[in-house]
Amino acid sequence: MHNARCFEDKFQAISVTVTLLNWSGNVPAAVELIRTTLSSLDEELPSAVTPTVVKKHLDNTKKQLALLTDDTLLSYLTMVDPSKLFAVQLLVKLYGSLTLIGERATLRIIPLKVIQLSLTYGMSPHSPSAFAQYGNYLALIRYEFEEGYRYVKLALSLMKKTASRAHDGSTIFWSAHTRLHVEPMQSSIECYFDAFKAHMKSG
């Protein structure tokens with residue numbers, strides 16, 4: 001990382017280091033590296049995520065989204081700021097790392113953070129998955145099924161507008177959770193198989 005010639009080189013070095021730390025079983029070190037890097041990008045996450053913190057992030061996200069129609073979100077600008085794209089990718093990596101060590105509290109605010117970044121700086125390739133996770137939270141945790149299903153459908157529509165197919169599997173997978181409770185069971189169960197095929201196709 002010290003020999004990186006530009007921001008993109010440094011990002012690649014940090015990204016690879018996080019992956020290697022996870023693979024070697026040193027997940028806490030991967031988490032610490034991600035948190036430190038996010039802080040340097042002015043996207044620091046709270047060290048302790050309490051129900052109050054979750055509510056604050058949820059309320060902020062709802063407030064931002066309340067002003068936007070689905071059509072507006074689907075025609076949103078694309079995120080181009082390299083540092084913000086890097087921050088989003090680190091947040092997604094952090095979600096995976098925290099899942100490995102069972103640290104669930106922070107998991108709840110990561111999709112909200114990705115959505116907030118998307119609304120401020122533009123949609124990234126990971127935005128559809130974040131909206132799907134947000135829809136799941138509304139539907140399956142808060143029992144706001146109509147609103148949750150709305151954002152799950154939005155996630156799938158955003159996915160189709162994204163140039164890259166690399167993250168389709170994640171979006172389809174997360175979307176299936178709420179669809180299982182809203183749509184006919186047979187068709188929604190097949191979504192998990194669609195997610196598997198998309199993951200296999202993207203490698």
# chains A, B, ... in the order shown; residues from 1 in each chain; ligands from 1
$ closest_atom_pairs --of "segment 91-140 of chain A" --to "segment 48-61 of chain A" --cutoff "12 Å" --atoms "only C-alpha atoms" --output "CSV"
residue,atom,partner,partner_atom,distance
A:Glu103,CA,A:Val49,CA,10.3
A:Arg104,CA,A:Val49,CA,9.5
A:Ala105,CA,A:Val49,CA,5.8
A:Thr106,CA,A:Val49,CA,5.8
A:Leu107,CA,A:Val49,CA,9.3
A:Arg108,CA,A:Val54,CA,6.9
A:Ile109,CA,A:Val54,CA,6.1
A:Ile110,CA,A:His57,CA,9.5
A:Pro111,CA,A:His57,CA,9.9
A:Leu112,CA,A:Thr61,CA,6.4
A:Lys113,CA,A:His57,CA,7.6
A:Val114,CA,A:Thr61,CA,10.0
A:Ile115,CA,A:Thr61,CA,7.3
A:Gln116,CA,A:Thr61,CA,6.3
A:Leu117,CA,A:Thr61,CA,10.1
A:Ser118,CA,A:Thr61,CA,10.8
A:Leu119,CA,A:Thr61,CA,9.2
A:Thr120,CA,A:Thr61,CA,11.2
A:Ala130,CA,A:Thr61,CA,11.7
A:Phe131,CA,A:Thr61,CA,10.8
A:Tyr134,CA,A:Leu58,CA,9.2
A:Gly135,CA,A:Leu58,CA,11.7
A:Tyr137,CA,A:Leu58,CA,9.8
A:Leu138,CA,A:Leu58,CA,9.7
$ residues_around --residues "Trp174 of chain A" --least-positions-apart "6" --cutoff "12 Å" --atoms "only C-alpha atoms" --output "PyMOL selection string"
chain A and resi 111+128-137+140+148-149+151-153+155-156+167-168+180+188+191-192+194-196
$ write_last_selection --atoms "C-alpha atoms" --output "tab-separated table (two decimals), in the first residue's frame"
chain	number	residue	atom	x	y	z
A	111	PRO	CA	-27.36	-0.79	3.71
A	128	PRO	CA	-29.62	-2.13	-5.89
A	129	SER	CA	-28.59	-4.66	-3.21
A	130	ALA	CA	-28.76	-1.96	-0.54
A	131	PHE	CA	-32.30	-1.06	-1.57
A	132	ALA	CA	-33.27	-4.74	-1.48
A	133	GLN	CA	-31.88	-5.07	2.05
A	134	TYR	CA	-33.68	-1.89	3.06
A	135	GLY	CA	-36.91	-3.32	1.69
A	136	ASN	CA	-36.35	-6.50	3.70
A	137	TYR	CA	-35.83	-4.48	6.87
A	140	LEU	CA	-39.66	-8.37	7.70
A	148	GLY	CA	-40.74	-2.87	1.85
A	149	TYR	CA	-42.00	-4.61	-1.28
A	151	TYR	CA	-38.14	-0.98	-2.48
A	152	VAL	CA	-37.50	-4.61	-3.33
A	153	LYS	CA	-39.11	-4.04	-6.73
A	155	ALA	CA	-33.94	-2.72	-6.36
A	156	LEU	CA	-34.64	-5.16	-9.17
A	167	HIS	CA	-23.78	-7.97	-8.36
A	168	ASP	CA	-27.07	-9.23	-9.80
A	180	LEU	CA	-41.34	-14.93	-0.45
A	188	SER	CA	-40.57	-16.48	-5.15
A	191	CYS	CA	-35.82	-16.42	-7.22
A	192	TYR	CA	-33.24	-18.07	-4.97
A	194	ASP	CA	-32.08	-17.31	-10.11
A	195	ALA	CA	-29.76	-15.69	-7.56
A	196	PHE	CA	-27.58	-18.80	-7.54
$ residues_around --residues "Ala166 of chain A" --least-positions-apart "2" --cutoff "12 Å" --atoms "only C-alpha atoms" --output "tab-separated table (two decimals) with N, CA and C atoms, in the first residue's frame"
chain	number	residue	atom	x	y	z
A	124	SER	N	-24.45	3.51	-7.27
A	124	SER	CA	-23.28	2.68	-7.53
A	124	SER	C	-23.75	1.27	-7.91
A	125	PRO	N	-22.84	0.41	-8.35
A	125	PRO	CA	-23.25	-0.97	-8.66
A	125	PRO	C	-23.82	-1.72	-7.46
A	126	HIS	N	-23.52	-1.25	-6.24
A	126	HIS	CA	-24.03	-1.91	-5.04
A	126	HIS	C	-25.34	-1.31	-4.53
A	128	PRO	N	-28.43	-1.26	-5.84
A	128	PRO	CA	-29.62	-2.13	-5.89
A	128	PRO	C	-29.70	-3.11	-4.71
A	129	SER	N	-28.58	-3.72	-4.34
A	129	SER	CA	-28.59	-4.66	-3.21
A	129	SER	C	-28.95	-3.95	-1.92
A	159	MET	N	-31.27	-2.70	-10.69
A	159	MET	CA	-30.31	-3.72	-11.12
A	159	MET	C	-30.27	-3.82	-12.64
A	160	LYS	N	-31.44	-3.79	-13.26
A	160	LYS	CA	-31.51	-3.92	-14.72
A	160	LYS	C	-30.91	-2.72	-15.43
A	162	THR	N	-28.30	-1.06	-14.25
A	162	THR	CA	-26.87	-1.01	-13.96
A	162	THR	C	-26.08	-1.70	-15.06
A	163	ALA	N	-25.01	-1.07	-15.49
A	163	ALA	CA	-24.23	-1.62	-16.60
A	163	ALA	C	-23.58	-2.95	-16.24
A	164	SER	N	-23.09	-3.06	-15.01
A	164	SER	CA	-22.41	-4.28	-14.58
A	164	SER	C	-23.40	-5.32	-14.10
A	168	ASP	N	-25.67	-8.83	-9.62
A	168	ASP	CA	-27.07	-9.23	-9.80
A	168	ASP	C	-27.47	-10.32	-8.81
A	169	GLY	N	-26.57	-11.27	-8.58
A	169	GLY	CA	-26.89	-12.37	-7.68
A	169	GLY	C	-27.27	-11.90	-6.29
A	170	SER	N	-26.52	-10.92	-5.78
A	170	SER	CA	-26.80	-10.39	-4.44
A	170	SER	C	-28.16	-9.69	-4.41
A	171	THR	N	-28.43	-8.89	-5.43
A	171	THR	CA	-29.70	-8.16	-5.47
A	171	THR	C	-30.88	-9.12	-5.55
A	172	ILE	N	-30.77	-10.12	-6.41
A	172	ILE	CA	-31.86	-11.09	-6.56
A	172	ILE	C	-32.04	-11.88	-5.27
A	195	ALA	N	-30.90	-16.35	-8.22
A	195	ALA	CA	-29.76	-15.69	-7.56
A	195	ALA	C	-28.52	-16.57	-7.65
A	197	LYS	N	-27.84	-18.81	-9.95
A	197	LYS	CA	-27.35	-18.80	-11.33
A	197	LYS	C	-26.61	-17.50	-11.65
A	198	ALA	N	-27.14	-16.38	-11.13
A	198	ALA	CA	-26.49	-15.09	-11.38
A	198	ALA	C	-25.12	-15.03	-10.70
A	199	HIS	N	-25.04	-15.58	-9.49
A	199	HIS	CA	-23.75	-15.62	-8.79
A	199	HIS	C	-22.75	-16.48	-9.55
A	200	MET	N	-23.19	-17.62	-10.04
A	200	MET	CA	-22.30	-18.52	-10.77
A	200	MET	C	-21.83	-17.87	-12.07
A	201	LYS	N	-22.73	-17.14	-12.71
A	201	LYS	CA	-22.39	-16.50	-13.98
A	201	LYS	C	-21.37	-15.39	-13.80
A	202	SER	N	-21.49	-14.66	-12.68
A	202	SER	CA	-20.58	-13.54	-12.44
A	202	SER	C	-19.26	-13.99	-11.82
A	203	GLY	N	-19.21	-15.25	-11.37
A	203	GLY	CA	-17.99	-15.77	-10.78
A	203	GLY	C	-17.85	-15.40	-9.32
$ residues_around --residues "Leu33 of chain A" --least-positions-apart "2" --cutoff "10 Å" --atoms "only C-alpha atoms" --output "NGL selection string"
:A and (14-15 or 17-18 or 21 or 27-31 or 35-39 or 90 or 94)
$ write_last_selection --atoms "C-alpha atoms" --output "short mmCIF file (atom, residue, chain, number, x, y, z; two decimals), in the first residue's frame"
data_model
loop_
_atom_site.label_atom_id
_atom_site.label_comp_id
_atom_site.auth_asym_id
_atom_site.auth_seq_id
_atom_site.Cartn_x
_atom_site.Cartn_y
_atom_site.Cartn_z
CA ILE A 14 -6.52 -2.28 0.58
CA SER A 15 -9.25 -4.34 -1.07
CA THR A 17 -5.53 -7.01 1.89
CA VAL A 18 -9.05 -7.15 3.35
CA LEU A 21 -7.20 -11.17 6.00
CA VAL A 27 -11.41 -11.12 10.31
CA PRO A 28 -11.04 -8.61 13.18
CA ALA A 29 -7.97 -7.17 11.43
CA ALA A 30 -9.95 -6.90 8.19
CA VAL A 31 -12.74 -5.09 10.03
CA ARG A 35 -13.12 1.00 9.59
CA THR A 36 -9.85 2.95 9.56
CA THR A 37 -10.04 3.46 5.81
CA LEU A 38 -13.68 4.56 5.95
CA SER A 39 -12.73 7.09 8.60
CA LEU A 90 -15.64 -1.11 1.67
CA LEU A 94 -17.49 -4.82 5.96
#
$ residues_around --residues "segment 69-71 of chain A" --least-positions-apart "2" --cutoff "10 Å" --atoms "only C-alpha atoms" --output "PyMOL selection string"
chain A and resi 65-67+73-76+150-151+153-154+157-158
$ write_last_selection --atoms "N, CA and C atoms" --output "PDB file, in the first residue's frame"
ATOM      1  N   LEU A  65     -35.690   9.577   1.264  1.00  0.00           N
ATOM      2  CA  LEU A  65     -36.435   8.857   0.235  1.00  0.00           C
ATOM      3  C   LEU A  65     -37.859   9.388   0.068  1.00  0.00           C
ATOM      4  N   ALA A  66     -38.411   9.984   1.113  1.00  0.00           N
ATOM      5  CA  ALA A  66     -39.786  10.484   1.056  1.00  0.00           C
ATOM      6  C   ALA A  66     -39.960  11.555  -0.014  1.00  0.00           C
ATOM      7  N   LEU A  67     -38.875  12.206  -0.378  1.00  0.00           N
ATOM      8  CA  LEU A  67     -38.933  13.293  -1.361  1.00  0.00           C
ATOM      9  C   LEU A  67     -38.753  12.799  -2.792  1.00  0.00           C
ATOM     10  N   LEU A  73     -35.677   7.952  -8.740  1.00  0.00           N
ATOM     11  CA  LEU A  73     -34.583   7.079  -8.306  1.00  0.00           C
ATOM     12  C   LEU A  73     -34.026   6.265  -9.469  1.00  0.00           C
ATOM     13  N   LEU A  74     -34.908   5.846 -10.364  1.00  0.00           N
ATOM     14  CA  LEU A  74     -34.461   5.036 -11.501  1.00  0.00           C
ATOM     15  C   LEU A  74     -33.688   5.856 -12.533  1.00  0.00           C
ATOM     16  N   SER A  75     -33.865   7.161 -12.497  1.00  0.00           N
ATOM     17  CA  SER A  75     -33.141   8.020 -13.439  1.00  0.00           C
ATOM     18  C   SER A  75     -32.020   8.792 -12.749  1.00  0.00           C
ATOM     19  N   TYR A  76     -31.658   8.343 -11.561  1.00  0.00           N
ATOM     20  CA  TYR A  76     -30.636   9.022 -10.767  1.00  0.00           C
ATOM     21  C   TYR A  76     -29.282   8.974 -11.467  1.00  0.00           C
ATOM     22  N   ARG A 150     -42.130  -2.360  -2.126  1.00  0.00           N
ATOM     23  CA  ARG A 150     -41.867  -1.289  -3.103  1.00  0.00           C
ATOM     24  C   ARG A 150     -40.366  -1.162  -3.364  1.00  0.00           C
ATOM     25  N   TYR A 151     -39.575  -1.173  -2.297  1.00  0.00           N
ATOM     26  CA  TYR A 151     -38.135  -0.979  -2.476  1.00  0.00           C
ATOM     27  C   TYR A 151     -37.443  -2.237  -2.992  1.00  0.00           C
ATOM     28  N   LYS A 153     -38.866  -4.155  -5.284  1.00  0.00           N
ATOM     29  CA  LYS A 153     -39.109  -4.042  -6.727  1.00  0.00           C
ATOM     30  C   LYS A 153     -38.228  -2.957  -7.345  1.00  0.00           C
ATOM     31  N   LEU A 154     -38.040  -1.868  -6.601  1.00  0.00           N
ATOM     32  CA  LEU A 154     -37.153  -0.809  -7.081  1.00  0.00           C
ATOM     33  C   LEU A 154     -35.731  -1.342  -7.246  1.00  0.00           C
ATOM     34  N   SER A 157     -35.418  -3.228 -10.417  1.00  0.00           N
ATOM     35  CA  SER A 157     -35.435  -2.321 -11.570  1.00  0.00           C
ATOM     36  C   SER A 157     -34.111  -1.581 -11.699  1.00  0.00           C
ATOM     37  N   LEU A 158     -33.555  -1.151 -10.571  1.00  0.00           N
ATOM     38  CA  LEU A 158     -32.240  -0.500 -10.589  1.00  0.00           C
ATOM     39  C   LEU A 158     -31.169  -1.452 -11.108  1.00  0.00           C
TER      40      LEU A 158
END
$ residues_around --residues "Met79 of chain A" --least-positions-apart "4" --cutoff "7 Å" --atoms "only C-alpha atoms" --output "ChimeraX atom specification"
/A:85,121-124
$ write_last_selection --atoms "N, CA, C and O atoms" --output "compact mmCIF listing (two decimals), in the first residue's frame"
# COMPACT_ATOMS: atom_id res chain seq x y z
N LEU A 85 -17.09 5.71 -4.33
CA LEU A 85 -17.22 4.35 -4.85
C LEU A 85 -16.43 3.37 -3.99
O LEU A 85 -16.88 2.27 -3.68
N TYR A 121 -24.41 11.07 -3.76
CA TYR A 121 -23.35 11.08 -4.78
C TYR A 121 -23.71 10.32 -6.06
O TYR A 121 -22.94 10.32 -7.01
N GLY A 122 -24.86 9.65 -6.08
CA GLY A 122 -25.25 8.89 -7.26
C GLY A 122 -25.27 7.39 -6.99
O GLY A 122 -24.69 6.91 -6.02
N MET A 123 -25.93 6.67 -7.87
CA MET A 123 -26.08 5.23 -7.71
C MET A 123 -24.79 4.50 -8.09
O MET A 123 -24.14 4.82 -9.09
N SER A 124 -24.45 3.51 -7.27
CA SER A 124 -23.28 2.68 -7.53
C SER A 124 -23.75 1.27 -7.91
O SER A 124 -24.93 0.96 -7.78
$ select_by_dssp --residues "segment 35-181 of chain A" --states "helix (DSSP H, G or I)" --output "PyMOL selection string"
chain A and resi 35-40+51-65+70-74+82-101+104-107+110-121+127-141+145-161+168-181
$ atom_distance --atom1 "atom CA of Tyr95 of chain A" --atom2 "atom CA of Arg179 of chain A"
22.2 Å
